[in-house]
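Take a look at the structure set out below.
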Amino acid sequence: MVDTENSYFLKEGTPEETLFIPLLVKAKEYCNKAPLVKDSKAFEISQKIRSDSKRFDGGSMAHVGILTRCQLLDKVVADFIQRNTEGIIINLGVGLDTRFDRFDNGKIKWFDLDLPEVINLRRIFFSENARVKYIGSSVTDLTWADEISVSKTDKLLIIAEGLLMYLTQEQVINVFKYIHECFPAADFYFDVVHSYFTGKAISSQFIWGLDQARDIYGINNNLSLVEHWSIGDFNINRQGFLLRILNLLPATRNRSQILHVTFK
Ligand SMILES: C[S@@+](CC[C@H](N)C(=O)[O-])C[C@H]1O[C@@H](n2cnc3c(N)ncnc32)[C@H](O)[C@@H]1O
């Protein structure tokens, strides 16, 4: 159980609670002399919550992967904003992520979606404004796009970081179909775990995964896989011996990948 100074609770063992994993990883990394991700707000929030840090520190093996995922998506967001200064970004499964605060250029529009309990918690530490709107909804309740108005000429980036592995395959299929219908011109970036890691009792229980990036065509055949990165290929100098060994086998090398897709 985790509570904040405001005595706000998230139910133990729920997907909502997993938001503390990336938060605490980034908070810990902030104290590193050469941080991969420098997130002062994550550190500040971590000081204000009382949490079972052992349960949420992600474990030493997950630590560098979570930071690498964040680093890669940070670069995607920074490049998008540089090319589209008034673009729109949708962050699905936002948790207590601080990316808007770290990249706001004063012009972009941003939508943060997560389950209602998480959005309530988020409001304690962050606020909406004319350009940032929160959507308290499951990504699987296929009405959330009603809250987002996008014109045909708007440039749109959608990210889902650490989200899709908590959905069933059927839910993932429906979410992709919905995104394709509502936002056909979007660039969509998301991470997937290898299916080897689903259904196992690790730091959080993953439900959905892919063996290989190209298997995403089995989820939606109206998409194009533009690129994909294996998290294990980055920040090798921060990976311990065991992770480097895992990099040698296909399933564990692709333990976590980021995919970029567009729609036809
Ligand atoms: C591992 S956390 C990642 C949080 C954030 N993206 C980050 O990287 O810091 C997973 C997030 O997905 C959210 N989530 C899980 N299932 C969801 C659903 N069906 N709809 C919306 N959000 C969901 C959880 O509430 C949690 O905030």
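Order determines the names: the first chain of the structure tokens is A, the second B, and so forth; residues in each chain are numbered 1 upward, and ligands are numbered 1 upward as they are shown.
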
Which residues are near Ile108 in chain A? Cut-off 10 Å, only C-alpha atoms, ignore same chain within fewer than 6 positions. Put them as a PDB file with all heavy atoms, in the first residue's frame.
```pdb
ATOM      1  N   ILE A  81       8.662  17.785 -31.017  1.00  0.00           N
ATOM      2  CA  ILE A  81       8.359  19.187 -30.667  1.00  0.00           C
ATOM      3  C   ILE A  81       9.209  20.147 -31.499  1.00  0.00           C
ATOM      4  O   ILE A  81       8.743  21.203 -31.932  1.00  0.00           O
ATOM      5  CB  ILE A  81       8.560  19.412 -29.150  1.00  0.00           C
ATOM      6  CG1 ILE A  81       7.511  18.611 -28.368  1.00  0.00           C
ATOM      7  CG2 ILE A  81       8.459  20.893 -28.791  1.00  0.00           C
ATOM      8  CD1 ILE A  81       7.656  18.645 -26.857  1.00  0.00           C
ATOM      9  N   ASN A  84       7.494  20.121 -34.840  1.00  0.00           N
ATOM     10  CA  ASN A  84       6.069  20.520 -34.826  1.00  0.00           C
ATOM     11  C   ASN A  84       5.831  21.349 -33.570  1.00  0.00           C
ATOM     12  O   ASN A  84       5.312  20.848 -32.571  1.00  0.00           O
ATOM     13  CB  ASN A  84       5.175  19.278 -34.780  1.00  0.00           C
ATOM     14  CG  ASN A  84       5.509  18.285 -35.872  1.00  0.00           C
ATOM     15  OD1 ASN A  84       5.235  18.527 -37.039  1.00  0.00           O
ATOM     16  ND2 ASN A  84       6.117  17.178 -35.509  1.00  0.00           N
ATOM     17  N   THR A  85       6.215  22.624 -33.638  1.00  0.00           N
ATOM     18  CA  THR A  85       6.231  23.433 -32.410  1.00  0.00           C
ATOM     19  C   THR A  85       4.834  23.585 -31.790  1.00  0.00           C
ATOM     20  O   THR A  85       4.714  23.844 -30.606  1.00  0.00           O
ATOM     21  CB  THR A  85       6.828  24.824 -32.676  1.00  0.00           C
ATOM     22  OG1 THR A  85       6.230  25.318 -33.854  1.00  0.00           O
ATOM     23  CG2 THR A  85       8.329  24.780 -32.826  1.00  0.00           C
ATOM     24  N   GLU A  86       3.789  23.444 -32.620  1.00  0.00           N
ATOM     25  CA  GLU A  86       2.425  23.540 -32.075  1.00  0.00           C
ATOM     26  C   GLU A  86       1.695  22.205 -32.184  1.00  0.00           C
ATOM     27  O   GLU A  86       0.468  22.160 -32.306  1.00  0.00           O
ATOM     28  CB  GLU A  86       1.659  24.657 -32.781  1.00  0.00           C
ATOM     29  CG  GLU A  86       2.338  25.996 -32.547  1.00  0.00           C
ATOM     30  CD  GLU A  86       1.553  27.181 -33.059  1.00  0.00           C
ATOM     31  OE1 GLU A  86       0.359  27.031 -33.363  1.00  0.00           O
ATOM     32  OE2 GLU A  86       2.162  28.254 -33.144  1.00  0.00           O
ATOM     33  N   GLY A  87       2.433  21.130 -32.143  1.00  0.00           N
ATOM     34  CA  GLY A  87       1.859  19.790 -32.294  1.00  0.00           C
ATOM     35  C   GLY A  87       1.076  19.350 -31.062  1.00  0.00           C
ATOM     36  O   GLY A  87       1.001  20.060 -30.050  1.00  0.00           O
ATOM     37  N   ILE A  88       0.482  18.166 -31.175  1.00  0.00           N
ATOM     38  CA  ILE A  88      -0.327  17.602 -30.087  1.00  0.00           C
ATOM     39  C   ILE A  88       0.288  16.272 -29.663  1.00  0.00           C
ATOM     40  O   ILE A  88       0.642  15.441 -30.508  1.00  0.00           O
ATOM     41  CB  ILE A  88      -1.784  17.364 -30.560  1.00  0.00           C
ATOM     42  CG1 ILE A  88      -2.407  18.694 -31.006  1.00  0.00           C
ATOM     43  CG2 ILE A  88      -2.621  16.709 -29.468  1.00  0.00           C
ATOM     44  CD1 ILE A  88      -3.826  18.561 -31.541  1.00  0.00           C
ATOM     45  N   ILE A  89       0.406  16.093 -28.346  1.00  0.00           N
ATOM     46  CA  ILE A  89       0.965  14.842 -27.820  1.00  0.00           C
ATOM     47  C   ILE A  89      -0.065  14.216 -26.875  1.00  0.00           C
ATOM     48  O   ILE A  89      -0.653  14.906 -26.030  1.00  0.00           O
ATOM     49  CB  ILE A  89       2.294  15.098 -27.089  1.00  0.00           C
ATOM     50  CG1 ILE A  89       3.324  15.669 -28.089  1.00  0.00           C
ATOM     51  CG2 ILE A  89       2.830  13.791 -26.460  1.00  0.00           C
ATOM     52  CD1 ILE A  89       4.695  15.969 -27.520  1.00  0.00           C
ATOM     53  N   PHE A 100       5.715  16.317 -19.729  1.00  0.00           N
ATOM     54  CA  PHE A 100       5.225  17.629 -20.189  1.00  0.00           C
ATOM     55  C   PHE A 100       6.050  18.742 -19.541  1.00  0.00           C
ATOM     56  O   PHE A 100       6.512  19.666 -20.208  1.00  0.00           O
ATOM     57  CB  PHE A 100       3.734  17.833 -19.892  1.00  0.00           C
ATOM     58  CG  PHE A 100       3.289  19.235 -20.213  1.00  0.00           C
ATOM     59  CD1 PHE A 100       3.019  19.601 -21.530  1.00  0.00           C
ATOM     60  CD2 PHE A 100       3.203  20.213 -19.224  1.00  0.00           C
ATOM     61  CE1 PHE A 100       2.668  20.911 -21.841  1.00  0.00           C
ATOM     62  CE2 PHE A 100       2.853  21.521 -19.529  1.00  0.00           C
ATOM     63  CZ  PHE A 100       2.576  21.864 -20.849  1.00  0.00           C
ATOM     64  N   ARG A 131      -3.232  24.226 -22.056  1.00  0.00           N
ATOM     65  CA  ARG A 131      -2.618  23.332 -23.058  1.00  0.00           C
ATOM     66  C   ARG A 131      -2.425  21.899 -22.573  1.00  0.00           C
ATOM     67  O   ARG A 131      -1.965  21.050 -23.335  1.00  0.00           O
ATOM     68  CB  ARG A 131      -1.288  23.940 -23.522  1.00  0.00           C
ATOM     69  CG  ARG A 131      -1.470  25.205 -24.344  1.00  0.00           C
ATOM     70  CD  ARG A 131      -0.172  25.791 -24.835  1.00  0.00           C
ATOM     71  NE  ARG A 131       0.700  26.187 -23.737  1.00  0.00           N
ATOM     72  CZ  ARG A 131       1.754  25.505 -23.332  1.00  0.00           C
ATOM     73  NH1 ARG A 131       2.102  24.397 -23.922  1.00  0.00           N
ATOM     74  NH2 ARG A 131       2.485  25.920 -22.321  1.00  0.00           N
ATOM     75  N   VAL A 132      -2.715  21.616 -21.312  1.00  0.00           N
ATOM     76  CA  VAL A 132      -2.587  20.241 -20.802  1.00  0.00           C
ATOM     77  C   VAL A 132      -3.914  19.799 -20.221  1.00  0.00           C
ATOM     78  O   VAL A 132      -4.453  20.454 -19.325  1.00  0.00           O
ATOM     79  CB  VAL A 132      -1.583  20.134 -19.629  1.00  0.00           C
ATOM     80  CG1 VAL A 132      -1.348  18.669 -19.277  1.00  0.00           C
ATOM     81  CG2 VAL A 132      -0.300  20.811 -19.939  1.00  0.00           C
TER      82      VAL A 132
END
```

Dump the neighbourhood of ligand 1 as a list in words: all residues within 6 Å, distances computed on only C-alpha atoms and all ligand atoms.
Pro15, Glu16, Thr18, Leu19, Pro22, Leu23, Gly93, Val94, Gly95, Leu96, Asp97, Asp114, Leu115, Val118, Ser138, Val139, Thr140, Glu161, Gly162, Leu163 and Tyr166 of chain A

So, with only C-alpha atoms as the atoms that count, which of A:Ile119, A:Asp215, A:Ala78, A:Thr168 lies closest to Gly199 in chain A?
A:Thr168

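Residues within 9 Å of range 231-244 of chain A, counting only C-alpha atoms and excluding same-chain residues fewer than 2 positions away, are A:Leu36, A:Ser60, A:Met61, A:Val64, A:Gly65, A:Ile66, A:Thr68, A:Arg69, A:Leu72, A:Trp229, A:Leu246, A:Asn247, A:Leu248, A:Thr252, A:Arg253, A:Asn254, A:Arg255, A:Ser256, A:Gln257, A:Ile258.
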
Only C-alpha atoms, please: the residues just picked out, written as a PDB file, in the first residue's frame.
```
ATOM      1  CA  LEU A  36      20.656   8.858 -17.776  1.00  0.00           C
ATOM      2  CA  SER A  60      18.474  -3.571 -10.334  1.00  0.00           C
ATOM      3  CA  MET A  61      17.812  -5.457 -13.580  1.00  0.00           C
ATOM      4  CA  VAL A  64      18.532   0.629 -16.521  1.00  0.00           C
ATOM      5  CA  GLY A  65      15.801  -0.647 -18.891  1.00  0.00           C
ATOM      6  CA  ILE A  66      13.221   1.753 -17.476  1.00  0.00           C
ATOM      7  CA  THR A  68      16.619   3.677 -21.339  1.00  0.00           C
ATOM      8  CA  ARG A  69      12.951   3.465 -22.337  1.00  0.00           C
ATOM      9  CA  LEU A  72      14.460   6.977 -26.009  1.00  0.00           C
ATOM     10  CA  TRP A 229      14.615  -0.605 -30.795  1.00  0.00           C
ATOM     11  CA  LEU A 246      20.610 -11.899 -21.366  1.00  0.00           C
ATOM     12  CA  ASN A 247      21.505  -9.779 -24.417  1.00  0.00           C
ATOM     13  CA  LEU A 248      22.900 -12.928 -26.064  1.00  0.00           C
ATOM     14  CA  THR A 252      15.789 -11.991 -23.339  1.00  0.00           C
ATOM     15  CA  ARG A 253      17.623  -9.592 -25.677  1.00  0.00           C
ATOM     16  CA  ASN A 254      14.193  -8.394 -26.802  1.00  0.00           C
ATOM     17  CA  ARG A 255      12.906  -8.320 -23.228  1.00  0.00           C
ATOM     18  CA  SER A 256      11.712  -4.794 -23.837  1.00  0.00           C
ATOM     19  CA  GLN A 257      11.378  -3.046 -27.181  1.00  0.00           C
ATOM     20  CA  ILE A 258      10.049   0.295 -28.356  1.00  0.00           C
TER      21      ILE A 258
END
```

Where does DSSP see strand (DSSP E or B) in range 60-114 of chain A, if you list the residues as a CSV table (one decimal) with N, CA and C atoms, in the first residue's frame?
```csv
chain,number,residue,atom,x,y,z
A,88,ILE,N,0.5,18.2,-31.2
A,88,ILE,CA,-0.3,17.6,-30.1
A,88,ILE,C,0.3,16.3,-29.7
A,89,ILE,N,0.4,16.1,-28.3
A,89,ILE,CA,1.0,14.8,-27.8
A,89,ILE,C,-0.1,14.2,-26.9
A,90,ILE,N,-0.3,12.9,-27.0
A,90,ILE,CA,-1.2,12.2,-26.1
A,90,ILE,C,-0.3,11.1,-25.4
A,91,ASN,N,-0.3,11.2,-24.1
A,91,ASN,CA,0.5,10.2,-23.3
A,91,ASN,C,-0.5,9.2,-22.6
A,92,LEU,N,-0.6,8.0,-23.1
A,92,LEU,CA,-1.5,7.0,-22.6
A,92,LEU,C,-0.9,6.3,-21.4
A,109,LYS,N,0.2,21.2,-27.4
A,109,LYS,CA,-1.0,20.8,-26.6
A,109,LYS,C,-0.7,19.4,-26.2
A,110,TRP,N,-1.2,19.0,-25.0
A,110,TRP,CA,-0.8,17.7,-24.4
A,110,TRP,C,-2.0,17.1,-23.7
A,111,PHE,N,-2.2,15.8,-23.9
A,111,PHE,CA,-3.3,15.1,-23.2
A,111,PHE,C,-2.7,13.9,-22.5
A,112,ASP,N,-3.0,13.9,-21.2
A,112,ASP,CA,-2.5,12.8,-20.3
A,112,ASP,C,-3.6,11.9,-19.9
A,113,LEU,N,-3.6,10.6,-20.2
A,113,LEU,CA,-4.7,9.7,-19.9
A,113,LEU,C,-4.2,8.6,-18.9
A,114,ASP,N,-5.0,8.4,-17.9
A,114,ASP,CA,-4.7,7.2,-17.1
A,114,ASP,C,-6.1,6.9,-16.4
```

Please give the complete set of residues from range 12-173 of chain A that DSSP, run on the backbone, assigns to helix (DSSP H, G or I), formatted as a ChimeraX atom specification.
/A:15-30,40-48,53-56,59-83,99-103,116-125,144-147,164-166,169-173

Go ahead and compute the interatomic distance for CA of Ser127 in chain A and CA of Ile45 in chain A, in Å to one decimal.
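Between these atoms lies a distance of 13.8 Å.
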
Residue neighbourhood Thr98 in chain A, 9 Å, only C-alpha atoms, exclusion window fewer than 2 positions, as a VMD selection string
chain A and resid 39 41 to 42 94 96 100 to 103 126

Between CA of Tyr30 in chain A and CA of Ile124 in chain A, distance in Å (one decimal)
21.3 Å

Residue with the minimum atom-to-atom distance to Ile159 in chain A, picked from A:Ala130, A:Leu210, A:Leu223, A:Val261 with only C-alpha atoms counted, is A:Val261
